[in-house]
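Undergrad: Enclosed is the structure file final-v3.cif (mmCIF, C-alpha atoms and all ligand atoms; chains and numbers go by the auth columns).
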```cif
data_structure
loop_
_atom_site.group_PDB
_atom_site.id
_atom_site.type_symbol
_atom_site.label_atom_id
_atom_site.label_comp_id
_atom_site.label_asym_id
_atom_site.label_seq_id
_atom_site.Cartn_x
_atom_site.Cartn_y
_atom_site.Cartn_z
_atom_site.B_iso_or_equiv
_atom_site.auth_seq_id
_atom_site.auth_asym_id
ATOM 1 C CA MET A 1 180.240 138.725 128.408 0.00 1286 X
ATOM 2 C CA LYS A 2 179.368 140.178 125.045 0.00 1287 X
ATOM 3 C CA ALA A 3 178.359 137.531 122.547 0.00 1288 X
ATOM 4 C CA ASN A 4 176.503 137.048 119.291 0.00 1289 X
ATOM 5 C CA TYR A 5 175.503 133.612 118.063 0.00 1290 X
ATOM 6 C CA HIS A 6 173.646 134.601 114.915 0.00 1291 X
ATOM 7 C CA THR A 7 176.169 135.214 112.141 0.00 1292 X
ATOM 8 C CA HIS A 8 175.998 134.275 108.463 0.00 1293 X
ATOM 9 C CA THR A 9 178.561 133.898 105.683 0.00 1294 X
ATOM 10 C CA THR A 10 178.426 134.469 101.922 0.00 1295 X
ATOM 11 C CA ARG A 11 177.704 130.766 101.398 0.00 1296 X
ATOM 12 C CA CYS A 12 174.019 131.454 102.092 0.00 1297 X
ATOM 13 C CA GLN A 13 173.909 133.572 98.903 0.00 1298 X
ATOM 14 C CA HIS A 14 172.470 136.667 100.625 0.00 1299 X
ATOM 15 C CA ALA A 15 175.310 137.886 102.828 0.00 1300 X
ATOM 16 C CA LYS A 16 178.455 139.943 102.303 0.00 1301 X
ATOM 17 C CA GLY A 17 181.936 140.091 103.791 0.00 1302 X
ATOM 18 C CA SER A 18 184.526 137.345 104.144 0.00 1303 X
ATOM 19 C CA ASP A 19 184.468 134.997 107.119 0.00 1304 X
ATOM 20 C CA GLU A 20 187.523 136.779 108.466 0.00 1305 X
ATOM 21 C CA ASP A 21 185.819 140.177 108.037 0.00 1306 X
ATOM 22 C CA TYR A 22 183.095 139.027 110.447 0.00 1307 X
ATOM 23 C CA VAL A 23 185.707 138.043 113.013 0.00 1308 X
ATOM 24 C CA LEU A 24 187.559 141.343 112.644 0.00 1309 X
ATOM 25 C CA SER A 25 184.324 143.329 112.966 0.00 1310 X
ATOM 26 C CA ALA A 26 183.360 141.374 116.066 0.00 1311 X
ATOM 27 C CA ILE A 27 186.749 142.060 117.666 0.00 1312 X
ATOM 28 C CA LYS A 28 186.459 145.739 116.766 0.00 1313 X
ATOM 29 C CA ALA A 29 182.969 145.886 118.322 0.00 1314 X
ATOM 30 C CA GLY A 30 184.238 144.354 121.557 0.00 1315 X
ATOM 31 C CA TYR A 31 182.671 140.893 121.394 0.00 1316 X
ATOM 32 C CA ASP A 32 184.086 138.212 123.691 0.00 1317 X
ATOM 33 C CA GLU A 33 182.444 135.431 121.724 0.00 1318 X
ATOM 34 C CA LEU A 34 181.224 135.078 118.143 0.00 1319 X
ATOM 35 C CA GLY A 35 179.198 132.131 116.931 0.00 1320 X
ATOM 36 C CA PHE A 36 178.796 131.419 113.233 0.00 1321 X
ATOM 37 C CA SER A 37 175.355 130.034 112.421 0.00 1322 X
ATOM 38 C CA ASP A 38 174.984 130.104 108.686 0.00 1323 X
ATOM 39 C CA HIS A 39 171.826 128.638 107.140 0.00 1324 X
ATOM 40 C CA ALA A 40 172.224 124.863 107.383 0.00 1325 X
ATOM 41 C CA PRO A 41 172.664 122.643 104.351 0.00 1326 X
ATOM 42 C CA TRP A 42 170.309 119.685 103.964 0.00 1327 X
ATOM 43 C CA LYS A 43 170.449 116.338 102.244 0.00 1328 X
ATOM 44 C CA TYR A 44 167.291 116.535 100.146 0.00 1329 X
ATOM 45 C CA ASN A 45 165.380 113.607 98.698 0.00 1330 X
ATOM 46 C CA SER A 46 165.035 115.572 95.462 0.00 1331 X
ATOM 47 C CA ASP A 47 167.474 117.363 93.178 0.00 1332 X
ATOM 48 C CA PHE A 48 166.367 120.673 94.737 0.00 1333 X
ATOM 49 C CA HIS A 49 169.005 123.406 94.855 0.00 1334 X
ATOM 50 C CA PRO A 50 168.367 125.939 97.611 0.00 1335 X
ATOM 51 C CA THR A 51 168.766 129.647 96.933 0.00 1336 X
ATOM 52 C CA MET A 52 169.171 130.870 100.517 0.00 1337 X
ATOM 53 C CA ARG A 53 171.614 128.421 102.064 0.00 1338 X
ATOM 54 C CA MET A 54 174.843 126.600 101.300 0.00 1339 X
ATOM 55 C CA GLU A 55 174.898 123.329 99.396 0.00 1340 X
ATOM 56 C CA LEU A 56 175.866 120.297 101.420 0.00 1341 X
ATOM 57 C CA SER A 57 179.103 120.153 99.416 0.00 1342 X
ATOM 58 C CA GLN A 58 180.086 123.576 100.821 0.00 1343 X
ATOM 59 C CA PHE A 59 179.874 122.591 104.457 0.00 1344 X
ATOM 60 C CA ASP A 60 183.434 121.268 104.673 0.00 1345 X
ATOM 61 C CA ASP A 61 184.799 124.597 103.509 0.00 1346 X
ATOM 62 C CA TYR A 62 182.582 126.435 106.030 0.00 1347 X
ATOM 63 C CA LYS A 63 183.796 124.270 108.883 0.00 1348 X
ATOM 64 C CA ARG A 64 187.448 124.442 107.857 0.00 1349 X
ATOM 65 C CA SER A 65 187.296 128.219 107.550 0.00 1350 X
ATOM 66 C CA ILE A 66 185.588 128.834 110.908 0.00 1351 X
ATOM 67 C CA LEU A 67 187.890 126.442 112.752 0.00 1352 X
ATOM 68 C CA SER A 68 190.989 128.030 111.247 0.00 1353 X
ATOM 69 C CA LEU A 69 189.742 131.504 112.294 0.00 1354 X
ATOM 70 C CA LYS A 70 189.012 130.139 115.754 0.00 1355 X
ATOM 71 C CA GLU A 71 192.649 129.101 116.023 0.00 1356 X
ATOM 72 C CA LYS A 72 194.071 132.239 114.415 0.00 1357 X
ATOM 73 C CA TYR A 73 192.198 134.659 116.693 0.00 1358 X
ATOM 74 C CA LYS A 74 192.023 132.544 119.854 0.00 1359 X
ATOM 75 C CA ASP A 75 193.806 135.178 121.928 0.00 1360 X
ATOM 76 C CA GLN A 76 191.351 137.888 120.916 0.00 1361 X
ATOM 77 C CA ILE A 77 187.945 136.256 120.696 0.00 1362 X
ATOM 78 C CA SER A 78 186.218 132.955 121.298 0.00 1363 X
ATOM 79 C CA ILE A 79 184.705 131.520 118.119 0.00 1364 X
ATOM 80 C CA LYS A 80 181.987 128.867 117.993 0.00 1365 X
ATOM 81 C CA LEU A 81 180.838 126.712 115.101 0.00 1366 X
ATOM 82 C CA GLY A 82 177.098 126.482 114.659 0.00 1367 X
ATOM 83 C CA LEU A 83 174.261 126.505 112.144 0.00 1368 X
ATOM 84 C CA GLU A 84 170.806 128.049 111.877 0.00 1369 X
ATOM 85 C CA VAL A 85 168.540 125.077 111.316 0.00 1370 X
ATOM 86 C CA GLU A 86 164.846 124.591 110.511 0.00 1371 X
ATOM 87 C CA TYR A 87 162.809 121.744 111.926 0.00 1372 X
ATOM 88 C CA TYR A 88 162.172 119.650 108.809 0.00 1373 X
ATOM 89 C CA GLU A 89 160.633 116.602 110.411 0.00 1374 X
ATOM 90 C CA GLN A 90 161.375 114.202 107.554 0.00 1375 X
ATOM 91 C CA TYR A 91 165.039 115.205 107.489 0.00 1376 X
ATOM 92 C CA MET A 92 165.695 115.534 111.219 0.00 1377 X
ATOM 93 C CA PRO A 93 167.175 112.036 111.687 0.00 1378 X
ATOM 94 C CA TRP A 94 169.791 112.967 109.090 0.00 1379 X
ATOM 95 C CA MET A 95 170.355 116.411 110.666 0.00 1380 X
ATOM 96 C CA LYS A 96 170.791 115.025 114.174 0.00 1381 X
ATOM 97 C CA GLN A 97 173.451 112.656 112.911 0.00 1382 X
ATOM 98 C CA PHE A 98 175.127 115.444 110.937 0.00 1383 X
ATOM 99 C CA ILE A 99 175.316 117.760 113.952 0.00 1384 X
ATOM 100 C CA LYS A 100 176.975 115.028 115.971 0.00 1385 X
ATOM 101 C CA GLU A 101 179.404 113.907 113.264 0.00 1386 X
ATOM 102 C CA GLN A 102 180.472 117.440 112.457 0.00 1387 X
ATOM 103 C CA GLU A 103 180.938 118.270 116.145 0.00 1388 X
ATOM 104 C CA LEU A 104 178.968 121.497 115.992 0.00 1389 X
ATOM 105 C CA ASP A 105 179.058 123.646 119.115 0.00 1390 X
ATOM 106 C CA TYR A 106 175.387 124.585 118.814 0.00 1391 X
ATOM 107 C CA ILE A 107 172.450 125.143 116.488 0.00 1392 X
ATOM 108 C CA ILE A 108 169.786 127.839 116.606 0.00 1393 X
ATOM 109 C CA PHE A 109 166.210 127.377 115.438 0.00 1394 X
ATOM 110 C CA GLY A 110 165.253 129.372 112.342 0.00 1395 X
ATOM 111 C CA ASN A 111 161.672 128.404 111.506 0.00 1396 X
ATOM 112 C CA HIS A 112 161.581 129.709 107.924 0.00 1397 X
ATOM 113 C CA PHE A 113 159.757 127.132 105.782 0.00 1398 X
ATOM 114 C CA TYR A 114 156.831 124.752 106.036 0.00 1399 X
ATOM 115 C CA GLU A 115 158.163 121.164 106.086 0.00 1400 X
ATOM 116 C CA THR A 116 161.113 121.822 103.731 0.00 1401 X
ATOM 117 C CA ASP A 117 162.242 124.665 101.499 0.00 1402 X
ATOM 118 C CA GLU A 118 161.585 122.359 98.534 0.00 1403 X
ATOM 119 C CA ASN A 119 157.916 123.455 99.060 0.00 1404 X
ATOM 120 C CA ARG A 120 158.883 127.133 98.817 0.00 1405 X
ATOM 121 C CA PHE A 121 156.346 127.990 101.502 0.00 1406 X
ATOM 122 C CA TYR A 122 158.133 130.778 103.404 0.00 1407 X
ATOM 123 C CA TYR A 123 156.693 131.745 106.761 0.00 1408 X
ATOM 124 C CA GLY A 124 157.975 135.270 106.260 0.00 1409 X
ATOM 125 C CA SER A 125 155.477 135.859 103.445 0.00 1410 X
ATOM 126 C CA HIS A 126 152.911 133.020 103.320 0.00 1411 X
ATOM 127 C CA ILE A 127 151.114 133.363 106.640 0.00 1412 X
ATOM 128 C CA ILE A 128 147.778 134.849 105.689 0.00 1413 X
ATOM 129 C CA ASP A 129 145.168 133.239 107.954 0.00 1414 X
ATOM 130 C CA ASN A 130 144.542 130.839 110.846 0.00 1415 X
ATOM 131 C CA GLN A 131 145.425 127.751 108.817 0.00 1416 X
ATOM 132 C CA THR A 132 148.788 129.016 107.665 0.00 1417 X
ATOM 133 C CA MET A 133 149.560 130.345 111.151 0.00 1418 X
ATOM 134 C CA GLU A 134 148.869 126.887 112.556 0.00 1419 X
ATOM 135 C CA LEU A 135 151.518 125.434 110.234 0.00 1420 X
ATOM 136 C CA TYR A 136 154.050 127.902 111.619 0.00 1421 X
ATOM 137 C CA LEU A 137 153.048 127.173 115.209 0.00 1422 X
ATOM 138 C CA ASN A 138 153.166 123.407 114.714 0.00 1423 X
ATOM 139 C CA ASP A 139 156.711 123.570 113.397 0.00 1424 X
ATOM 140 C CA ALA A 140 157.657 126.075 116.108 0.00 1425 X
ATOM 141 C CA ILE A 141 156.425 123.779 118.862 0.00 1426 X
ATOM 142 C CA LYS A 142 158.000 120.640 117.415 0.00 1427 X
ATOM 143 C CA GLY A 143 161.303 122.448 117.047 0.00 1428 X
ATOM 144 C CA MET A 144 161.258 123.796 120.584 0.00 1429 X
ATOM 145 C CA GLU A 145 160.252 120.424 121.993 0.00 1430 X
ATOM 146 C CA SER A 146 163.064 118.631 120.145 0.00 1431 X
ATOM 147 C CA GLY A 147 165.588 119.959 122.648 0.00 1432 X
ATOM 148 C CA LEU A 148 168.174 120.347 119.876 0.00 1433 X
ATOM 149 C CA TYR A 149 168.322 124.102 119.703 0.00 1434 X
ATOM 150 C CA ALA A 150 170.177 126.629 121.823 0.00 1435 X
ATOM 151 C CA TYR A 151 167.486 129.208 121.115 0.00 1436 X
ATOM 152 C CA PHE A 152 164.580 130.167 118.862 0.00 1437 X
ATOM 153 C CA ALA A 153 165.618 132.833 116.329 0.00 1438 X
ATOM 154 C CA HIS A 154 163.101 135.533 115.333 0.00 1439 X
ATOM 155 C CA PRO A 155 160.086 133.716 116.841 0.00 1440 X
ATOM 156 C CA ASP A 156 157.896 136.588 115.621 0.00 1441 X
ATOM 157 C CA LEU A 157 158.913 136.063 111.951 0.00 1442 X
ATOM 158 C CA PHE A 158 155.195 135.777 111.108 0.00 1443 X
ATOM 159 C CA MET A 159 154.971 139.563 111.392 0.00 1444 X
ATOM 160 C CA ARG A 160 156.848 139.766 108.103 0.00 1445 X
ATOM 161 C CA SER A 161 153.727 138.226 106.547 0.00 1446 X
ATOM 162 C CA LEU A 162 150.992 139.846 108.607 0.00 1447 X
ATOM 163 C CA ARG A 163 151.256 143.574 108.405 0.00 1448 X
ATOM 164 C CA GLN A 164 148.951 144.474 111.252 0.00 1449 X
ATOM 165 C CA TRP A 165 149.036 143.018 114.735 0.00 1450 X
ATOM 166 C CA ASP A 166 145.652 141.434 115.382 0.00 1451 X
ATOM 167 C CA ALA A 167 143.963 138.732 117.477 0.00 1452 X
ATOM 168 C CA LEU A 168 145.668 135.975 115.463 0.00 1453 X
ATOM 169 C CA CYS A 169 149.087 137.460 116.245 0.00 1454 X
ATOM 170 C CA ASP A 170 148.144 137.729 119.891 0.00 1455 X
ATOM 171 C CA TYR A 171 147.163 134.073 119.897 0.00 1456 X
ATOM 172 C CA ALA A 172 150.387 133.019 118.111 0.00 1457 X
ATOM 173 C CA ALA A 173 152.549 135.003 120.497 0.00 1458 X
ATOM 174 C CA HIS A 174 150.870 133.390 123.491 0.00 1459 X
ATOM 175 C CA VAL A 175 151.293 129.878 122.052 0.00 1460 X
ATOM 176 C CA ILE A 176 154.996 130.455 121.393 0.00 1461 X
ATOM 177 C CA CYS A 177 155.761 132.239 124.655 0.00 1462 X
ATOM 178 C CA ASP A 178 153.869 129.721 126.799 0.00 1463 X
ATOM 179 C CA LYS A 179 155.792 126.857 125.198 0.00 1464 X
ATOM 180 C CA ALA A 180 159.110 128.687 125.493 0.00 1465 X
ATOM 181 C CA LYS A 181 158.449 129.352 129.169 0.00 1466 X
ATOM 182 C CA GLU A 182 157.494 125.721 129.783 0.00 1467 X
ATOM 183 C CA LEU A 183 160.667 124.439 128.078 0.00 1468 X
ATOM 184 C CA ASP A 184 162.987 127.215 129.294 0.00 1469 X
ATOM 185 C CA MET A 185 163.686 128.025 125.631 0.00 1470 X
ATOM 186 C CA ILE A 186 165.422 131.343 124.967 0.00 1471 X
ATOM 187 C CA LEU A 187 163.719 133.633 122.436 0.00 1472 X
ATOM 188 C CA GLU A 188 165.814 135.805 120.147 0.00 1473 X
ATOM 189 C CA TYR A 189 165.249 139.487 119.587 0.00 1474 X
ATOM 190 C CA ASN A 190 166.450 139.776 115.994 0.00 1475 X
ATOM 191 C CA ILE A 191 168.494 142.811 115.008 0.00 1476 X
ATOM 192 C CA ALA A 192 168.466 142.164 111.240 0.00 1477 X
ATOM 193 C CA GLY A 193 164.677 142.350 111.428 0.00 1478 X
ATOM 194 C CA LYS A 194 164.892 145.529 113.475 0.00 1479 X
ATOM 195 C CA MET A 195 167.112 147.149 110.834 0.00 1480 X
ATOM 196 C CA VAL A 196 164.705 146.152 108.049 0.00 1481 X
ATOM 197 C CA SER A 197 161.755 147.570 110.003 0.00 1482 X
ATOM 198 C CA GLU A 198 163.576 150.877 110.250 0.00 1483 X
ATOM 199 C CA GLN A 199 164.371 150.901 106.537 0.00 1484 X
ATOM 200 C CA LEU A 200 160.757 150.099 105.675 0.00 1485 X
ATOM 201 C CA GLY A 201 159.379 152.559 108.197 0.00 1486 X
ATOM 202 C CA ARG A 202 157.012 149.784 109.282 0.00 1487 X
ATOM 203 C CA GLU A 203 157.235 147.462 112.265 0.00 1488 X
ATOM 204 C CA GLN A 204 157.502 143.854 111.074 0.00 1489 X
ATOM 205 C CA TYR A 205 159.629 141.691 113.404 0.00 1490 X
ATOM 206 C CA PRO A 206 160.702 142.073 116.137 0.00 1491 X
ATOM 207 C CA HIS A 207 157.241 143.352 117.052 0.00 1492 X
ATOM 208 C CA HIS A 208 156.736 145.182 120.353 0.00 1493 X
ATOM 209 C CA ARG A 209 153.471 143.345 121.102 0.00 1494 X
ATOM 210 C CA PHE A 210 155.260 140.006 120.865 0.00 1495 X
ATOM 211 C CA TRP A 211 157.946 141.141 123.285 0.00 1496 X
ATOM 212 C CA GLU A 212 155.432 142.566 125.735 0.00 1497 X
ATOM 213 C CA ILE A 213 153.694 139.179 125.776 0.00 1498 X
ATOM 214 C CA ALA A 214 157.067 137.431 126.180 0.00 1499 X
ATOM 215 C CA ALA A 215 157.790 139.673 129.163 0.00 1500 X
ATOM 216 C CA ASP A 216 154.361 139.024 130.723 0.00 1501 X
ATOM 217 C CA THR A 217 154.898 135.277 130.258 0.00 1502 X
ATOM 218 C CA GLY A 218 158.284 135.399 131.976 0.00 1503 X
ATOM 219 C CA CYS A 219 160.368 134.324 128.973 0.00 1504 X
ATOM 220 C CA LYS A 220 164.126 134.582 128.559 0.00 1505 X
ATOM 221 C CA ALA A 221 165.535 136.651 125.711 0.00 1506 X
ATOM 222 C CA ILE A 222 168.809 136.950 123.844 0.00 1507 X
ATOM 223 C CA VAL A 223 169.864 139.540 121.292 0.00 1508 X
ATOM 224 C CA GLY A 224 170.899 138.064 117.938 0.00 1509 X
ATOM 225 C CA MET A 225 172.502 140.318 115.360 0.00 1510 X
ATOM 226 C CA ASP A 226 171.613 137.916 112.503 0.00 1511 X
ATOM 227 C CA ALA A 227 174.527 139.532 110.664 0.00 1512 X
ATOM 228 C CA HIS A 228 174.449 139.109 106.891 0.00 1513 X
ATOM 229 C CA ASP A 229 177.033 141.895 106.548 0.00 1514 X
ATOM 230 C CA ASN A 230 180.100 142.017 108.755 0.00 1515 X
ATOM 231 C CA LEU A 231 179.695 145.777 109.210 0.00 1516 X
ATOM 232 C CA ASN A 232 176.371 145.210 110.972 0.00 1517 X
ATOM 233 C CA LEU A 233 178.303 143.530 113.791 0.00 1518 X
ATOM 234 C CA GLU A 234 179.904 146.898 114.473 0.00 1519 X
ATOM 235 C CA LYS A 235 176.561 148.601 115.088 0.00 1520 X
ATOM 236 C CA ASN A 236 176.754 148.367 118.858 0.00 1521 X
ATOM 237 C CA GLU A 237 173.919 150.813 119.391 0.00 1522 X
ATOM 238 C CA TYR A 238 171.464 148.172 118.126 0.00 1523 X
ATOM 239 C CA TYR A 239 172.832 145.551 120.491 0.00 1524 X
ATOM 240 C CA ASP A 240 172.833 147.922 123.464 0.00 1525 X
ATOM 241 C CA ASN A 241 169.429 149.461 122.743 0.00 1526 X
ATOM 242 C CA ALA A 242 167.821 146.058 122.315 0.00 1527 X
ATOM 243 C CA ARG A 243 169.172 144.785 125.611 0.00 1528 X
ATOM 244 C CA ALA A 244 168.069 147.932 127.426 0.00 1529 X
ATOM 245 C CA TYR A 245 164.603 147.713 125.826 0.00 1530 X
ATOM 246 C CA LEU A 246 164.121 144.043 126.751 0.00 1531 X
ATOM 247 C CA LYS A 247 165.298 144.589 130.318 0.00 1532 X
ATOM 248 C CA LYS A 248 162.971 147.541 130.672 0.00 1533 X
ATOM 249 C CA LEU A 249 160.085 145.315 129.595 0.00 1534 X
ATOM 250 C CA GLY A 250 161.074 142.980 132.417 0.00 1535 X
ATOM 251 C CA LEU A 251 162.577 140.138 130.402 0.00 1536 X
ATOM 252 C CA GLU A 252 165.557 138.189 131.638 0.00 1537 X
ATOM 253 C CA VAL A 253 168.235 138.867 129.018 0.00 1538 X
ATOM 254 C CA VAL A 254 170.866 136.150 128.738 0.00 1539 X
ATOM 255 C CA ASP A 255 174.395 136.661 127.419 0.00 1540 X
ATOM 256 C CA THR A 256 175.352 133.175 126.430 0.00 1541 X
ATOM 257 C CA ILE A 257 173.892 129.805 125.472 0.00 1542 X
ATOM 258 C CA GLN A 258 174.340 126.169 126.307 0.00 1543 X
ATOM 259 C CA PHE A 259 176.642 124.307 123.946 0.00 1544 X
ATOM 260 C CA LEU A 260 176.270 120.769 122.669 0.00 1545 X
ATOM 261 C CA ARG A 261 179.782 119.779 123.728 0.00 1546 X
HETATM 262 ZN ZN ZN B . 169.639 134.701 106.060 0.00 1601 X
HETATM 263 ZN ZN ZN B . 169.727 134.060 110.378 0.00 1602 X
#
```
Represent the structure of the file as C-alpha cells.
Ligand SMILES: [Zn+2]
Ligand SMILES: [Zn+2]
TA:
Amino acid sequence: MKANYHTHTTRCQHAKGSDEDYVLSAIKAGYDELGFSDHAPWKYNSDFHPTMRMELSQFDDYKRSILSLKEKYKDQISIKLGLEVEYYEQYMPWMKQFIKEQELDYIIFGNHFYETDENRFYYGSHIIDNQTMELYLNDAIKGMESGLYAYFAHPDLFMRSLRQWDALCDYAAHVICDKAKELDMILEYNIAGKMVSEQLGREQYPHHRFWEIAADTGCKAIVGMDAHDNLNLEKNEYYDNARAYLKKLGLEVVDTIQFLR
C-alpha cells in the first residue's frame, strides 16, 4: 500500500498545480491512495483574513472538487478528503462540529501557530527559548490528547526556529515522543521539510536527532510528502529513502491511517 495523506491545494495561497494535477501525479508515481489535507479554514471571532489557508467560503469548492476527482479516478486511485488542522482550543468546538458535518475522512495535526493564527505567532520561527518552546509543547500535547487527529505532522517543526540542536530540543523531542508513544499517535516524517533542508544546505526539520529519539522511544512513523506542488508527489526517491531511513533507525513505519468514518 503506497499512500500519502499530506497534500495541499492552491487554496492555501502557497501551493501550485490544479487539484487534478495532484491526482495525476499521484497515479503516475504509483500511489494506491491519496489524501488531500489542505490547511483548514476557521471561523474566526475577528475579521482576520489568513494568508496561508483557504477562507471558510472556499471550503465548499474544495470539497466538491476532491469528491468529483474521487469519483472520476476511482478505478485508478483511492482519494480521501481531509484537512491539516491546528489545535486552536477556543475554536475546537466549532472545528469538531465542522469535521462531522462535512463528513471528512480524516484530519492531520499541523501545530503551526500559538492559540490562533490571528496572533501571528508561528512556531516555525518564534521558538527562541524555554518559554516559547513550552507553548509549542502545550499545544502539541493538547492536540495529541484530543484524539481527533490521524497523525502529528512535522512534530519537529521547532527546528525551523532553533538552528542548532541543543538540550532544549532534546527535552522537547522527549516530551513529544513520550506522549506519542503513550497515545499510540503516529509521527510524520515530513518530506517538504526535507526538501527545504537540502535547498538551504542546513538541517531544519525533519531533524535526525528527533527521529533517533522517536526510534529509541518506540514511536510509529509515517512519511508525509506535504506536497505544495503536484510534481513533488512524483519524487519517489524521497518517499523511498525516508522509509528506508526510518526503518533502519528501528521505527515502525505505517502505510495507512485510521479514518473517521
Ligand atoms: Zn502549507
Ligand atoms: Zn502541510
Undergrad: Just say which residues the PyMOL selection byres (((chain X and resi 1384) around 12) and not hetatm) picks in this file, as a ChimeraX atom specification.
TA: /X:1325-1327,1344,1348,1366-1370,1377-1383,1385-1393,1433-1434,1545-1546
Undergrad: Would you list the contacts of segment 1298-1302 of chain X as a ChimeraX atom specification, taking every protein, DNA or RNA residue within 7 Å and counting only C-alpha atoms, but skipping same-chain residues closer than 6 positions in sequence?
TA: /X:1336-1338,1513-1515
Undergrad: Could I get the residues of segment 1495-1542 of chain X with an atom no further than 6 Å from an atom of segment 1461-1484 of chain X, each paired with its nearest atom pair and that distance in Å to one decimal, using all atoms listed in the file, sorted by chain and residue number, as a tab-separated table?
TA:
```
residue	atom	partner	partner_atom	distance
X:Ala1499	CA	X:Cys1462	CA	5.6
X:Cys1504	CA	X:Lys1466	CA	5.3
X:Lys1505	CA	X:Ile1471	CA	5.0
X:Ala1506	CA	X:Leu1472	CA	4.8
X:Ile1507	CA	X:Glu1473	CA	4.9
X:Val1508	CA	X:Tyr1474	CA	4.9
X:Gly1509	CA	X:Asn1475	CA	5.1
X:Met1510	CA	X:Ile1476	CA	4.7
X:Asp1511	CA	X:Ala1477	CA	5.4
```
Undergrad: With all atoms of segment 1323-1330 of chain X from the file as input, state the centre and edge lengths in Å to one decimal of the axis-aligned box that has 5 Å extra on each side, as JSON.
TA:
```
{"center_x": 170.2, "center_y": 121.9, "center_z": 103.7, "size_x": 19.6, "size_y": 26.5, "size_z": 20.0}
```
Undergrad: List as a list in words: which residues have an atom within 6 Å of (163.7, 124.5, 112.2), counting all atoms listed in the file?
TA: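 Taken together, the residues in range are Val1370, Glu1371, Tyr1372, Phe1394, Gly1395, Asn1396 and Gly1428 of chain X.
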Undergrad: Quick one: write out the picked residues with C-alpha atoms as a tab-separated table (two decimals), keeping the file's coordinate frame?
TA:
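So the final result, stored in part-v6.tsv, reads:
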```
chain	number	residue	atom	x	y	z
X	1370	VAL	CA	168.54	125.08	111.32
X	1371	GLU	CA	164.85	124.59	110.51
X	1372	TYR	CA	162.81	121.74	111.93
X	1394	PHE	CA	166.21	127.38	115.44
X	1395	GLY	CA	165.25	129.37	112.34
X	1396	ASN	CA	161.67	128.40	111.51
X	1428	GLY	CA	161.30	122.45	117.05
```
Undergrad: Enter the distance from atom CA of Thr1401 of chain X to atom CA of Leu1518 of chain X, in Å, rounded to one decimal.
TA: 29.5 Å
Undergrad: Got a sec: who's within 8 Å of Ser1410 of chain X, counting all atoms listed in the file, leaving out chain neighbours fewer than 5 positions off, as a PyMOL selection string?
TA: chain X and resi 1443+1445-1447
Undergrad: For atom CA of Tyr1399 of chain X and atom CA of Glu1340 of chain X, determine how far apart the two atoms are, in Å to one decimal place.
TA: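 Between atom CA of Tyr1399 of chain X and atom CA of Glu1340 of chain X the gap is 19.3 Å.
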Undergrad: What is the distance, in Å and to one decimal place, between atom CA of Tyr1436 of chain X and atom CA of Pro1491 of chain X?
TA: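 One can read the atom CA of Tyr1436 of chain X to atom CA of Pro1491 of chain X distance as 15.4 Å.
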Undergrad: Measuring between only C-alpha atoms and all ligand atoms, which one of X:Cys1297, X:Ile1364, X:Leu1420, X:Leu1536 shows the shortest distance to ligand ZN 1602 (chain X)?
TA: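 Closest to ligand ZN 1602 (chain X), using only C-alpha atoms and all ligand atoms: X:Cys1297.
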Undergrad: In terms of the shortest atom-to-atom distance over all atoms listed in the file, which of X:Met1429, X:Ile1362, X:Leu1531, X:Val1460 is closest to Tyr1307 of chain X?
TA: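 Of the candidates, the smallest distance to Tyr1307 of chain X is held by X:Ile1362.
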